[in-house]
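Raw contents of data22.cif, mmCIF, C-alpha atoms and all ligand atoms:
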data_data
#
loop_
_atom_site.label_atom_id
_atom_site.label_comp_id
_atom_site.auth_asym_id
_atom_site.auth_seq_id
_atom_site.Cartn_x
_atom_site.Cartn_y
_atom_site.Cartn_z
CA MET A 10 172.74 -57.58 -51.82
CA ASN A 11 171.69 -56.16 -48.44
CA MET A 12 168.14 -55.82 -47.14
CA LYS A 13 166.66 -53.03 -45.04
CA ILE A 14 164.49 -54.26 -42.19
CA ILE A 15 162.23 -51.76 -40.43
CA TYR A 16 161.69 -52.65 -36.80
CA SER A 17 160.56 -51.04 -33.55
CA ASN A 18 160.22 -52.57 -30.11
CA ASN A 19 156.97 -50.61 -29.48
CA HIS A 20 154.96 -53.69 -30.44
CA SER A 21 155.96 -55.42 -27.20
CA GLY A 22 153.71 -53.16 -25.08
CA HIS A 23 150.70 -54.85 -26.74
CA ASN A 24 150.64 -58.16 -24.92
CA PRO A 25 147.12 -59.29 -23.96
CA PRO A 26 147.23 -62.32 -21.64
CA TYR A 27 144.21 -64.12 -23.11
CA GLU A 28 141.89 -64.45 -26.09
CA ILE A 29 138.42 -65.96 -25.99
CA TYR A 30 138.52 -69.09 -28.13
CA GLU A 31 135.36 -71.19 -28.42
CA ARG A 32 134.11 -69.53 -25.24
CA ARG A 33 137.25 -70.47 -23.27
CA LEU A 34 139.97 -68.08 -22.09
CA GLU A 35 143.11 -69.31 -23.87
CA PRO A 36 146.66 -67.88 -23.71
CA TYR A 37 147.06 -65.16 -26.37
CA ILE A 38 148.65 -66.72 -29.45
CA GLU A 39 149.72 -63.52 -31.25
CA LYS A 40 152.64 -63.07 -28.82
CA ALA A 41 155.48 -60.52 -28.80
CA GLU A 42 157.90 -63.49 -28.88
CA ARG A 43 156.88 -64.06 -32.53
CA ILE A 44 158.86 -60.97 -33.51
CA THR A 45 161.75 -61.73 -31.12
CA SER A 46 162.13 -65.08 -32.91
CA ILE A 47 162.38 -63.35 -36.30
CA VAL A 48 164.78 -60.61 -35.13
CA LYS A 49 167.09 -63.16 -33.52
CA ALA A 50 167.28 -65.34 -36.64
CA LEU A 51 167.82 -62.40 -39.01
CA LYS A 52 170.56 -60.82 -36.90
CA GLU A 53 172.70 -63.89 -37.70
CA ASP A 54 172.76 -62.82 -41.37
CA LYS A 55 175.09 -59.86 -42.02
CA ARG A 56 173.10 -58.81 -45.11
CA MET A 57 170.13 -57.86 -42.92
CA ASN A 58 170.34 -54.21 -41.76
CA PHE A 59 167.95 -52.98 -39.07
CA TYR A 60 166.42 -49.46 -39.19
CA SER A 61 164.00 -47.71 -36.80
CA PRO A 62 160.73 -46.30 -38.18
CA ASN A 63 159.91 -42.57 -38.45
CA ARG A 64 156.60 -41.23 -37.11
CA PHE A 65 153.97 -40.48 -39.81
CA PRO A 66 150.84 -38.29 -39.53
CA LEU A 67 147.47 -39.91 -38.77
CA SER A 68 146.18 -38.75 -42.17
CA HIS A 69 147.61 -41.98 -43.66
CA ILE A 70 145.51 -44.05 -41.26
CA TYR A 71 142.39 -41.89 -41.85
CA GLU A 72 142.46 -42.71 -45.56
CA ILE A 73 141.86 -46.37 -44.69
CA HIS A 74 140.10 -46.26 -41.29
CA GLN A 75 137.15 -44.25 -39.92
CA ARG A 76 138.23 -41.38 -37.61
CA GLU A 77 135.86 -42.47 -34.83
CA TYR A 78 137.36 -45.95 -34.98
CA VAL A 79 140.92 -44.60 -34.59
CA ALA A 80 139.73 -42.38 -31.71
CA PHE A 81 138.03 -45.38 -30.09
CA LEU A 82 141.24 -47.43 -30.16
CA ARG A 83 143.37 -44.50 -28.93
CA ASN A 84 141.01 -43.48 -26.12
CA ARG A 85 140.10 -46.97 -24.93
CA SER A 86 143.80 -47.97 -24.87
CA ALA A 87 144.63 -44.88 -22.81
CA GLN A 88 141.79 -45.47 -20.33
CA LEU A 89 142.94 -48.96 -19.37
CA GLU A 90 145.09 -49.79 -16.37
CA ASP A 91 148.25 -51.83 -17.03
CA THR A 92 146.52 -55.03 -15.96
CA GLN A 93 143.18 -54.43 -17.77
CA THR A 94 142.06 -55.95 -21.08
CA LEU A 95 139.00 -54.93 -23.13
CA TYR A 96 137.02 -57.58 -25.05
CA PRO A 97 134.45 -57.28 -27.94
CA SER A 98 132.14 -54.35 -28.56
CA TYR A 99 130.86 -52.24 -31.47
CA PHE A 100 134.23 -51.80 -33.25
CA ILE A 101 135.53 -55.31 -32.59
CA MET A 102 134.57 -58.19 -34.94
CA ASP A 103 135.68 -61.15 -32.85
CA THR A 104 137.12 -62.40 -29.58
CA TYR A 105 140.76 -62.52 -30.77
CA THR A 106 141.45 -58.80 -30.67
CA PRO A 107 141.49 -57.45 -27.12
CA ILE A 108 142.75 -53.95 -26.25
CA THR A 109 145.32 -53.28 -23.54
CA ARG A 110 146.87 -50.03 -22.35
CA LYS A 111 149.70 -50.07 -24.94
CA THR A 112 147.65 -51.47 -27.85
CA TYR A 113 147.07 -48.15 -29.61
CA GLU A 114 150.75 -47.22 -29.41
CA ALA A 115 151.83 -50.65 -30.70
CA ALA A 116 149.34 -50.53 -33.59
CA ARG A 117 150.36 -46.95 -34.45
CA SER A 118 154.02 -47.95 -34.37
CA ALA A 119 153.37 -50.86 -36.78
CA VAL A 120 151.92 -48.27 -39.19
CA ASP A 121 155.10 -46.16 -38.79
CA VAL A 122 157.18 -49.27 -39.50
CA VAL A 123 155.31 -49.97 -42.73
CA LEU A 124 155.26 -46.33 -43.89
CA THR A 125 159.00 -46.01 -43.27
CA GLY A 126 159.36 -49.03 -45.55
CA VAL A 127 157.20 -47.28 -48.15
CA ARG A 128 159.50 -44.23 -48.05
CA TYR A 129 162.56 -46.39 -48.77
CA ILE A 130 160.75 -48.10 -51.67
CA ILE A 131 159.72 -44.73 -53.16
CA GLU A 132 163.34 -43.57 -52.83
CA GLY A 133 164.39 -46.54 -54.99
CA GLU A 134 165.12 -49.44 -52.65
CA ARG A 135 164.27 -52.71 -54.46
CA VAL A 136 163.07 -54.69 -51.45
CA VAL A 137 162.28 -53.76 -47.83
CA TYR A 138 160.93 -55.90 -45.01
CA ALA A 139 158.54 -54.12 -42.61
CA LEU A 140 158.57 -56.22 -39.46
CA CYS A 141 155.09 -55.23 -38.27
CA ARG A 142 153.34 -56.34 -35.13
CA PRO A 143 150.41 -56.39 -34.49
CA PRO A 144 149.55 -57.69 -37.97
CA GLY A 145 146.98 -55.83 -40.09
CA HIS A 146 145.19 -57.54 -42.97
CA HIS A 147 141.96 -58.35 -41.07
CA ALA A 148 141.50 -54.75 -39.86
CA ASP A 149 138.59 -53.21 -41.78
CA TYR A 150 137.37 -49.61 -42.12
CA LYS A 151 135.82 -49.59 -38.66
CA THR A 152 136.47 -53.01 -37.22
CA MET A 153 139.44 -54.68 -35.59
CA GLY A 154 139.64 -58.47 -35.80
CA GLY A 155 141.90 -61.50 -36.14
CA TYR A 156 144.71 -59.96 -34.03
CA CYS A 157 144.67 -56.85 -36.30
CA TYR A 158 143.98 -53.18 -35.35
CA PHE A 159 145.29 -50.97 -38.20
CA ASN A 160 145.68 -52.40 -41.69
CA ASN A 161 149.42 -51.90 -42.22
CA ALA A 162 149.48 -53.40 -45.75
CA ALA A 163 146.44 -51.39 -46.91
CA ILE A 164 147.83 -48.13 -45.48
CA ALA A 165 151.15 -48.85 -47.25
CA ALA A 166 149.51 -49.78 -50.56
CA ASN A 167 147.31 -46.68 -50.41
CA TYR A 168 150.39 -44.46 -49.90
CA LEU A 169 152.29 -46.23 -52.70
CA SER A 170 149.27 -45.83 -55.02
CA LYS A 171 149.88 -42.06 -55.07
CA ASN A 172 153.13 -42.89 -56.91
CA GLY A 173 151.99 -45.64 -59.28
CA ARG A 174 150.04 -48.88 -59.69
CA VAL A 175 150.19 -51.27 -56.74
CA ALA A 176 149.64 -55.02 -56.52
CA ILE A 177 149.15 -56.68 -53.14
CA LEU A 178 149.91 -60.38 -52.88
CA ASP A 179 148.57 -61.80 -49.61
CA ILE A 180 150.15 -65.15 -48.71
CA ASP A 181 148.95 -65.33 -45.09
CA PHE A 182 147.06 -68.55 -44.26
CA HIS A 183 143.90 -66.46 -43.71
CA HIS A 184 142.04 -64.28 -46.19
CA GLY A 185 142.82 -60.55 -45.77
CA ASN A 186 139.22 -59.32 -45.57
CA GLY A 187 140.23 -55.80 -44.48
CA THR A 188 142.68 -55.30 -47.36
CA GLN A 189 140.20 -56.68 -49.90
CA ASN A 190 137.50 -54.27 -48.70
CA ALA A 191 139.84 -51.26 -48.70
CA PHE A 192 140.43 -51.55 -52.45
CA TYR A 193 137.33 -53.45 -53.60
CA ASP A 194 136.13 -50.64 -55.90
CA ARG A 195 139.56 -49.41 -57.00
CA PRO A 196 141.24 -50.35 -60.31
CA ASP A 197 144.65 -48.91 -59.34
CA VAL A 198 145.34 -51.44 -56.56
CA LEU A 199 145.18 -55.16 -57.37
CA TYR A 200 144.54 -57.54 -54.45
CA VAL A 201 145.46 -61.22 -54.92
CA SER A 202 145.18 -63.62 -51.99
CA ILE A 203 146.05 -67.31 -51.46
CA HIS A 204 144.50 -68.64 -48.26
CA ALA A 205 142.62 -71.43 -46.51
CA ASP A 206 139.08 -72.05 -47.75
CA PRO A 207 136.88 -69.69 -45.68
CA HIS A 208 134.30 -72.49 -45.36
CA ASP A 209 136.78 -74.01 -42.90
CA LYS A 210 138.82 -71.13 -41.46
CA PHE A 211 138.70 -67.52 -40.27
CA PRO A 212 137.38 -65.02 -41.42
CA TYR A 213 134.63 -67.45 -42.65
CA ASN A 214 132.58 -64.83 -44.52
CA SER A 215 135.07 -63.58 -47.11
CA GLY A 216 137.79 -64.94 -49.40
CA PHE A 217 135.62 -66.78 -51.93
CA THR A 218 136.42 -66.91 -55.66
CA ASP A 219 133.30 -64.95 -56.68
CA GLU A 220 134.56 -61.85 -54.81
CA GLN A 221 136.16 -60.10 -57.80
CA GLY A 222 135.75 -56.40 -57.01
CA GLU A 223 132.94 -53.99 -57.85
CA GLY A 224 132.36 -50.89 -60.00
CA ALA A 225 135.66 -49.60 -61.38
CA GLY A 226 137.41 -52.24 -59.25
CA LEU A 227 135.71 -55.20 -60.92
CA GLY A 228 138.36 -57.72 -61.99
CA PHE A 229 141.01 -56.30 -59.65
CA ASN A 230 140.36 -58.67 -56.74
CA LYS A 231 141.42 -62.32 -56.99
CA ASN A 232 140.92 -64.99 -54.34
CA TYR A 233 142.55 -68.42 -54.36
CA PRO A 234 141.08 -70.46 -51.49
CA LEU A 235 142.91 -73.76 -50.94
CA PRO A 236 141.86 -76.86 -48.98
CA LEU A 237 143.29 -77.77 -45.58
CA GLY A 238 146.31 -80.07 -46.00
CA THR A 239 147.65 -78.15 -49.03
CA THR A 240 151.23 -79.29 -49.83
CA ASN A 241 154.27 -77.39 -51.21
CA GLU A 242 153.58 -78.67 -54.75
CA GLN A 243 149.88 -77.69 -54.71
CA TYR A 244 150.73 -74.30 -53.23
CA LEU A 245 153.42 -73.59 -55.84
CA CYS A 246 150.96 -74.22 -58.66
CA THR A 247 148.52 -71.64 -57.21
CA LEU A 248 151.33 -69.19 -56.39
CA GLN A 249 152.36 -69.21 -60.05
CA LYS A 250 148.80 -68.37 -61.13
CA ALA A 251 148.68 -65.53 -58.59
CA LEU A 252 152.04 -64.20 -59.78
CA ARG A 253 150.79 -64.25 -63.38
CA ASN A 254 147.85 -62.07 -62.25
CA VAL A 255 150.35 -59.63 -60.73
CA GLN A 256 152.53 -59.66 -63.87
CA THR A 257 149.52 -59.01 -66.14
CA PHE A 258 148.49 -56.04 -63.97
CA ASN A 259 152.02 -54.65 -64.51
CA PRO A 260 152.35 -52.75 -61.21
CA ASN A 261 155.03 -50.23 -60.24
CA PHE A 262 155.07 -51.60 -56.68
CA LEU A 263 154.37 -54.93 -55.02
CA VAL A 264 153.23 -55.30 -51.41
CA ILE A 265 153.50 -58.79 -49.92
CA SER A 266 151.27 -59.53 -46.93
CA ALA A 267 153.65 -62.16 -45.59
CA GLY A 268 151.95 -64.49 -43.12
CA PHE A 269 153.86 -67.59 -42.08
CA ASP A 270 150.87 -69.45 -40.62
CA THR A 271 150.85 -71.60 -43.79
CA TYR A 272 153.70 -73.56 -42.12
CA GLU A 273 153.06 -77.27 -41.46
CA LYS A 274 153.60 -76.89 -37.70
CA ASP A 275 151.68 -73.64 -37.19
CA PRO A 276 149.38 -73.99 -34.17
CA ILE A 277 146.39 -72.32 -35.88
CA GLY A 278 147.16 -73.08 -39.56
CA GLY A 279 146.29 -76.16 -41.61
CA PHE A 280 148.57 -76.25 -44.68
CA LYS A 281 151.67 -78.43 -44.98
CA LEU A 282 154.33 -75.97 -46.20
CA THR A 283 157.91 -76.71 -45.06
CA ILE A 284 160.68 -74.28 -44.01
CA PRO A 285 162.85 -74.68 -47.20
CA PHE A 286 159.76 -74.10 -49.36
CA TYR A 287 159.51 -70.46 -48.16
CA GLU A 288 162.80 -69.80 -49.96
CA LYS A 289 161.14 -71.08 -53.14
CA ILE A 290 158.18 -68.72 -52.56
CA GLY A 291 160.64 -65.84 -52.14
CA MET A 292 162.49 -66.77 -55.34
CA GLU A 293 159.27 -66.95 -57.36
CA ILE A 294 158.23 -63.49 -56.11
CA SER A 295 161.63 -61.94 -56.77
CA LYS A 296 161.57 -63.18 -60.41
CA LEU A 297 158.93 -60.50 -61.06
CA GLN A 298 161.61 -57.80 -60.55
CA ILE A 299 159.13 -55.31 -59.06
CA PRO A 300 160.08 -52.99 -56.13
CA THR A 301 158.69 -54.99 -53.21
CA LEU A 302 157.60 -54.10 -49.68
CA ILE A 303 157.23 -57.18 -47.49
CA VAL A 304 154.78 -56.66 -44.62
CA GLN A 305 154.77 -59.13 -41.73
CA GLU A 306 151.30 -60.55 -41.01
CA GLY A 307 150.59 -63.83 -39.11
CA GLY A 308 152.67 -66.92 -38.24
CA TYR A 309 152.48 -68.38 -34.74
CA ASN A 310 155.06 -71.16 -34.37
CA ILE A 311 157.45 -69.12 -32.27
CA LYS A 312 160.17 -71.76 -32.30
CA ASP A 313 160.43 -71.87 -36.11
CA LEU A 314 159.18 -68.40 -37.14
CA GLY A 315 162.71 -66.97 -37.43
CA LYS A 316 163.83 -69.85 -39.63
CA ILE A 317 160.80 -69.39 -41.88
CA ALA A 318 161.38 -65.62 -42.22
CA ARG A 319 165.08 -66.18 -42.98
CA SER A 320 164.29 -68.81 -45.59
CA PHE A 321 161.72 -66.52 -47.27
CA LEU A 322 164.01 -63.46 -47.28
CA ARG A 323 166.91 -65.51 -48.65
CA GLY A 324 164.70 -66.54 -51.54
CA ILE A 325 163.85 -62.89 -52.18
CA LEU A 326 167.53 -61.84 -52.06
CA ASP A 327 169.14 -64.65 -54.06
ZN ZN A 401 146.80 -65.55 -40.61
#

In structure tokens, what does this structure look like?
Ligand SMILES: [Zn+2]
Amino acid sequence: MNMKIIYSNNHSGHNPPYEIYERRLEPYIEKAERITSIVKALKEDKRMNFYSPNRFPLSHIYEIHQREYVAFLRNRSAQLEDTQTLYPSYFIMDTYTPITRKTYEAARSAVDVVLTGVRYIIEGERVVYALCRPPGHHADYKTMGGYCYFNNAAIAANYLSKNGRVAILDIDFHHGNGTQNAFYDRPDVLYVSIHADPHDKFPYNSGFTDEQGEGAGLGFNKNYPLPLGTTNEQYLCTLQKALRNVQTFNPNFLVISAGFDTYEKDPIGGFKLTIPFYEKIGMEISKLQIPTLIVQEGGYNIKDLGKIARSFLRGILD
């Protein structure tokens, strides 16, 4: 079986030099080279076919993000000189999400990448990988944060929800606060997340087990926080619970927020997952036999990121 991979080089214009980490200027860790590493590794596998994204109207973004917020990102990006970087203000939740001149275009292009993937899924493709950068799951209605500007997975799930029930499984190391909030009161989109205990790790104020949805959405939000040092075996046990939640919900579509910062050598992670184990994760997900859109989120070990992505996608395909 072949796999469609949606990819655009527009992400590379978004390349802030620094983030502010514990009040120090540190080299920016969400680098363009992350994606280069993945593309290089996947091009060695003949089953992986690369496609360019189409452009989609802003209306898709407006259903998930405030208009003023989108205008802020577009206008502030455009006002910056090539060498300028903008740090926190009203729309920015943290010090990891600076804006540069090409940030808006890169974020918009990541949305086009994911929506092009959605189109293929609606047309009947069984699995598509949307190679998004910048990532999205921390981006909230009117706040950027955690390297995220537009919530690619939420925008995709929202579009898919017009065609059926959608489950989102978020396996990034960090809790997807933005995605959770987007669907917190909706019963037609299930959000299930496995992530580091927010007592210890970003985003610190969401991702706890008692966050289960509200109103009509009550019971359609599931969080599985895990301790630092979590091993393959411990992770597998939780993954199987999460997949049972998805199966019980019986969705027409599955969106995977695929972060690879759960890897044992990730510079900002804290779990102990190994490269071959990502194939196992992929196999477990593919057993569900649901049309699946994989959306790239975090993962910061540039040297091994391609190997992790390849291992995961092989598990999905085999
Ligand atoms: Zn992450």

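Here the question is which of A:Asp206, A:Glu72, A:Asp181, A:Glu77 gets nearest to ligand ZN 401 (chain A) using all atoms listed in the file, and that residue is A:Asp181.
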
Within 9 Å of A:Gln75 using all atoms listed in the file, minus same-chain residues under 5 positions, as an NGL selection string: :A and (70 or 80 or 150-151)

Distance filter 6 Å around ligand ZN 401 (chain A), atoms: all atoms listed in the file, out as a list in words: Asp181, Phe182, His183, Gly268, Asp270 and Gly307 of chain A

Write out the residues from the selection above, keeping C-alpha atoms, as a CSV table (one decimal), in the coordinates of the input.
chain,number,residue,atom,x,y,z
A,181,ASP,CA,149.0,-65.3,-45.1
A,182,PHE,CA,147.1,-68.6,-44.3
A,183,HIS,CA,143.9,-66.5,-43.7
A,268,GLY,CA,152.0,-64.5,-43.1
A,270,ASP,CA,150.9,-69.4,-40.6
A,307,GLY,CA,150.6,-63.8,-39.1

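Take the candidates A:Pro66, A:Pro107, A:Gly308, A:Pro196 and check each one against A:Pro144 using all atoms listed in the file; the shortest distance goes to A:Gly308.
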
Nearest residue to A:Met153 from the set A:Thr106, A:Ser61, A:Ser295, A:Gln189 (distances using all atoms listed in the file): A:Thr106

Among the residues A:Glu114, A:Leu282, A:Leu302, A:Gly145, the one that comes closest to A:Ala166 [using all atoms listed in the file]: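 Ranked by minimum distance to A:Ala166, first place goes to A:Leu302.
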
From A:Ala41, A:Ile29, A:Ala176, A:Ala116, residue lying nearest A:Val264 [all atoms listed in the file]: A:Ala176

Atomic separation - atom CA of A:Glu53 relative to atom CA of A:Gln305, Å: 19.0 Å

Contact residues around A:Thr125 with all atoms listed in the file at 9 Å, ignoring same-chain residues under 5 positions, as a PyMOL selection string: chain A and resi 15+61-65+120+130+139

A:Lys49 environment, 10 Å, all atoms listed in the file, sequence neighbours closer than 5 positions dropped, as a PyMOL selection string: chain A and resi 44+54+315-316

Shell around A:Glu39 at 8 Å using all atoms listed in the file, local window under 6 positions removed, as a PyMOL selection string: chain A and resi 143+156+307+309

Extract, using all atoms listed in the file, all DNA, RNA and protein residues at most 7 Å from stretch 209-226 of chain A, discarding same-chain residues fewer than 4 positions from it, and format them as a tab-separated table (two decimals) with C-alpha atoms, keeping the file's coordinate frame.
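Listed below is the output, result-v9.tsv:
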chain	number	residue	atom	x	y	z
A	183	HIS	CA	143.90	-66.46	-43.71
A	184	HIS	CA	142.04	-64.28	-46.19
A	186	ASN	CA	139.22	-59.32	-45.57
A	193	TYR	CA	137.33	-53.45	-53.60
A	194	ASP	CA	136.13	-50.64	-55.90
A	195	ARG	CA	139.56	-49.41	-57.00
A	196	PRO	CA	141.24	-50.35	-60.31
A	205	ALA	CA	142.62	-71.43	-46.51
A	230	ASN	CA	140.36	-58.67	-56.74
A	231	LYS	CA	141.42	-62.32	-56.99
A	232	ASN	CA	140.92	-64.99	-54.34
A	233	TYR	CA	142.55	-68.42	-54.36
A	234	PRO	CA	141.08	-70.46	-51.49

Give me stretch 163-185 of chain A with N, CA and C atoms filled in, as a PDB file, in the frame of the given file.
ATOM      1  N   ALA A 163     147.348 -52.263 -46.153  1.00  0.00           N
ATOM      2  CA  ALA A 163     146.440 -51.390 -46.910  1.00  0.00           C
ATOM      3  C   ALA A 163     146.907 -49.939 -46.835  1.00  0.00           C
ATOM      4  N   ILE A 164     147.343 -49.513 -45.647  1.00  0.00           N
ATOM      5  CA  ILE A 164     147.830 -48.130 -45.480  1.00  0.00           C
ATOM      6  C   ILE A 164     149.078 -47.921 -46.354  1.00  0.00           C
ATOM      7  N   ALA A 165     149.946 -48.927 -46.411  1.00  0.00           N
ATOM      8  CA  ALA A 165     151.150 -48.850 -47.250  1.00  0.00           C
ATOM      9  C   ALA A 165     150.781 -48.812 -48.734  1.00  0.00           C
ATOM     10  N   ALA A 166     149.890 -49.706 -49.138  1.00  0.00           N
ATOM     11  CA  ALA A 166     149.510 -49.780 -50.560  1.00  0.00           C
ATOM     12  C   ALA A 166     148.828 -48.484 -50.995  1.00  0.00           C
ATOM     13  N   ASN A 167     148.001 -47.936 -50.098  1.00  0.00           N
ATOM     14  CA  ASN A 167     147.310 -46.680 -50.410  1.00  0.00           C
ATOM     15  C   ASN A 167     148.314 -45.548 -50.620  1.00  0.00           C
ATOM     16  N   TYR A 168     149.334 -45.482 -49.774  1.00  0.00           N
ATOM     17  CA  TYR A 168     150.390 -44.460 -49.900  1.00  0.00           C
ATOM     18  C   TYR A 168     151.157 -44.674 -51.212  1.00  0.00           C
ATOM     19  N   LEU A 169     151.552 -45.932 -51.464  1.00  0.00           N
ATOM     20  CA  LEU A 169     152.290 -46.230 -52.700  1.00  0.00           C
ATOM     21  C   LEU A 169     151.462 -45.883 -53.939  1.00  0.00           C
ATOM     22  N   SER A 170     150.132 -46.040 -53.847  1.00  0.00           N
ATOM     23  CA  SER A 170     149.270 -45.830 -55.020  1.00  0.00           C
ATOM     24  C   SER A 170     149.291 -44.375 -55.491  1.00  0.00           C
ATOM     25  N   LYS A 171     149.753 -43.465 -54.647  1.00  0.00           N
ATOM     26  CA  LYS A 171     149.880 -42.060 -55.070  1.00  0.00           C
ATOM     27  C   LYS A 171     151.086 -41.889 -55.995  1.00  0.00           C
ATOM     28  N   ASN A 172     151.920 -42.931 -56.071  1.00  0.00           N
ATOM     29  CA  ASN A 172     153.130 -42.890 -56.910  1.00  0.00           C
ATOM     30  C   ASN A 172     153.131 -43.907 -58.037  1.00  0.00           C
ATOM     31  N   GLY A 173     152.031 -44.647 -58.208  1.00  0.00           N
ATOM     32  CA  GLY A 173     151.990 -45.640 -59.280  1.00  0.00           C
ATOM     33  C   GLY A 173     151.004 -46.755 -58.977  1.00  0.00           C
ATOM     34  N   ARG A 174     150.967 -47.755 -59.875  1.00  0.00           N
ATOM     35  CA  ARG A 174     150.040 -48.880 -59.690  1.00  0.00           C
ATOM     36  C   ARG A 174     150.622 -49.858 -58.668  1.00  0.00           C
ATOM     37  N   VAL A 175     149.742 -50.395 -57.821  1.00  0.00           N
ATOM     38  CA  VAL A 175     150.190 -51.270 -56.740  1.00  0.00           C
ATOM     39  C   VAL A 175     149.483 -52.616 -56.802  1.00  0.00           C
ATOM     40  N   ALA A 176     150.238 -53.695 -56.707  1.00  0.00           N
ATOM     41  CA  ALA A 176     149.640 -55.020 -56.520  1.00  0.00           C
ATOM     42  C   ALA A 176     149.952 -55.475 -55.095  1.00  0.00           C
ATOM     43  N   ILE A 177     148.945 -56.076 -54.455  1.00  0.00           N
ATOM     44  CA  ILE A 177     149.150 -56.680 -53.140  1.00  0.00           C
ATOM     45  C   ILE A 177     148.992 -58.187 -53.302  1.00  0.00           C
ATOM     46  N   LEU A 178     150.016 -58.925 -52.901  1.00  0.00           N
ATOM     47  CA  LEU A 178     149.910 -60.380 -52.880  1.00  0.00           C
ATOM     48  C   LEU A 178     149.872 -60.807 -51.419  1.00  0.00           C
ATOM     49  N   ASP A 179     148.771 -61.412 -51.010  1.00  0.00           N
ATOM     50  CA  ASP A 179     148.570 -61.800 -49.610  1.00  0.00           C
ATOM     51  C   ASP A 179     148.752 -63.307 -49.485  1.00  0.00           C
ATOM     52  N   ILE A 180     149.854 -63.707 -48.825  1.00  0.00           N
ATOM     53  CA  ILE A 180     150.150 -65.150 -48.710  1.00  0.00           C
ATOM     54  C   ILE A 180     149.989 -65.646 -47.267  1.00  0.00           C
ATOM     55  N   ASP A 181     149.306 -64.854 -46.437  1.00  0.00           N
ATOM     56  CA  ASP A 181     148.950 -65.330 -45.090  1.00  0.00           C
ATOM     57  C   ASP A 181     147.984 -66.515 -45.244  1.00  0.00           C
ATOM     58  N   PHE A 182     147.960 -67.390 -44.241  1.00  0.00           N
ATOM     59  CA  PHE A 182     147.060 -68.550 -44.260  1.00  0.00           C
ATOM     60  C   PHE A 182     145.577 -68.133 -44.315  1.00  0.00           C
ATOM     61  N   HIS A 183     145.281 -66.929 -43.769  1.00  0.00           N
ATOM     62  CA  HIS A 183     143.900 -66.460 -43.710  1.00  0.00           C
ATOM     63  C   HIS A 183     143.631 -65.385 -44.759  1.00  0.00           C
ATOM     64  N   HIS A 184     142.396 -65.303 -45.218  1.00  0.00           N
ATOM     65  CA  HIS A 184     142.040 -64.280 -46.190  1.00  0.00           C
ATOM     66  C   HIS A 184     142.115 -62.883 -45.547  1.00  0.00           C
ATOM     67  N   GLY A 185     142.688 -61.917 -46.289  1.00  0.00           N
ATOM     68  CA  GLY A 185     142.820 -60.550 -45.770  1.00  0.00           C
ATOM     69  C   GLY A 185     141.574 -59.730 -46.069  1.00  0.00           C
TER      70      GLY A 185
END
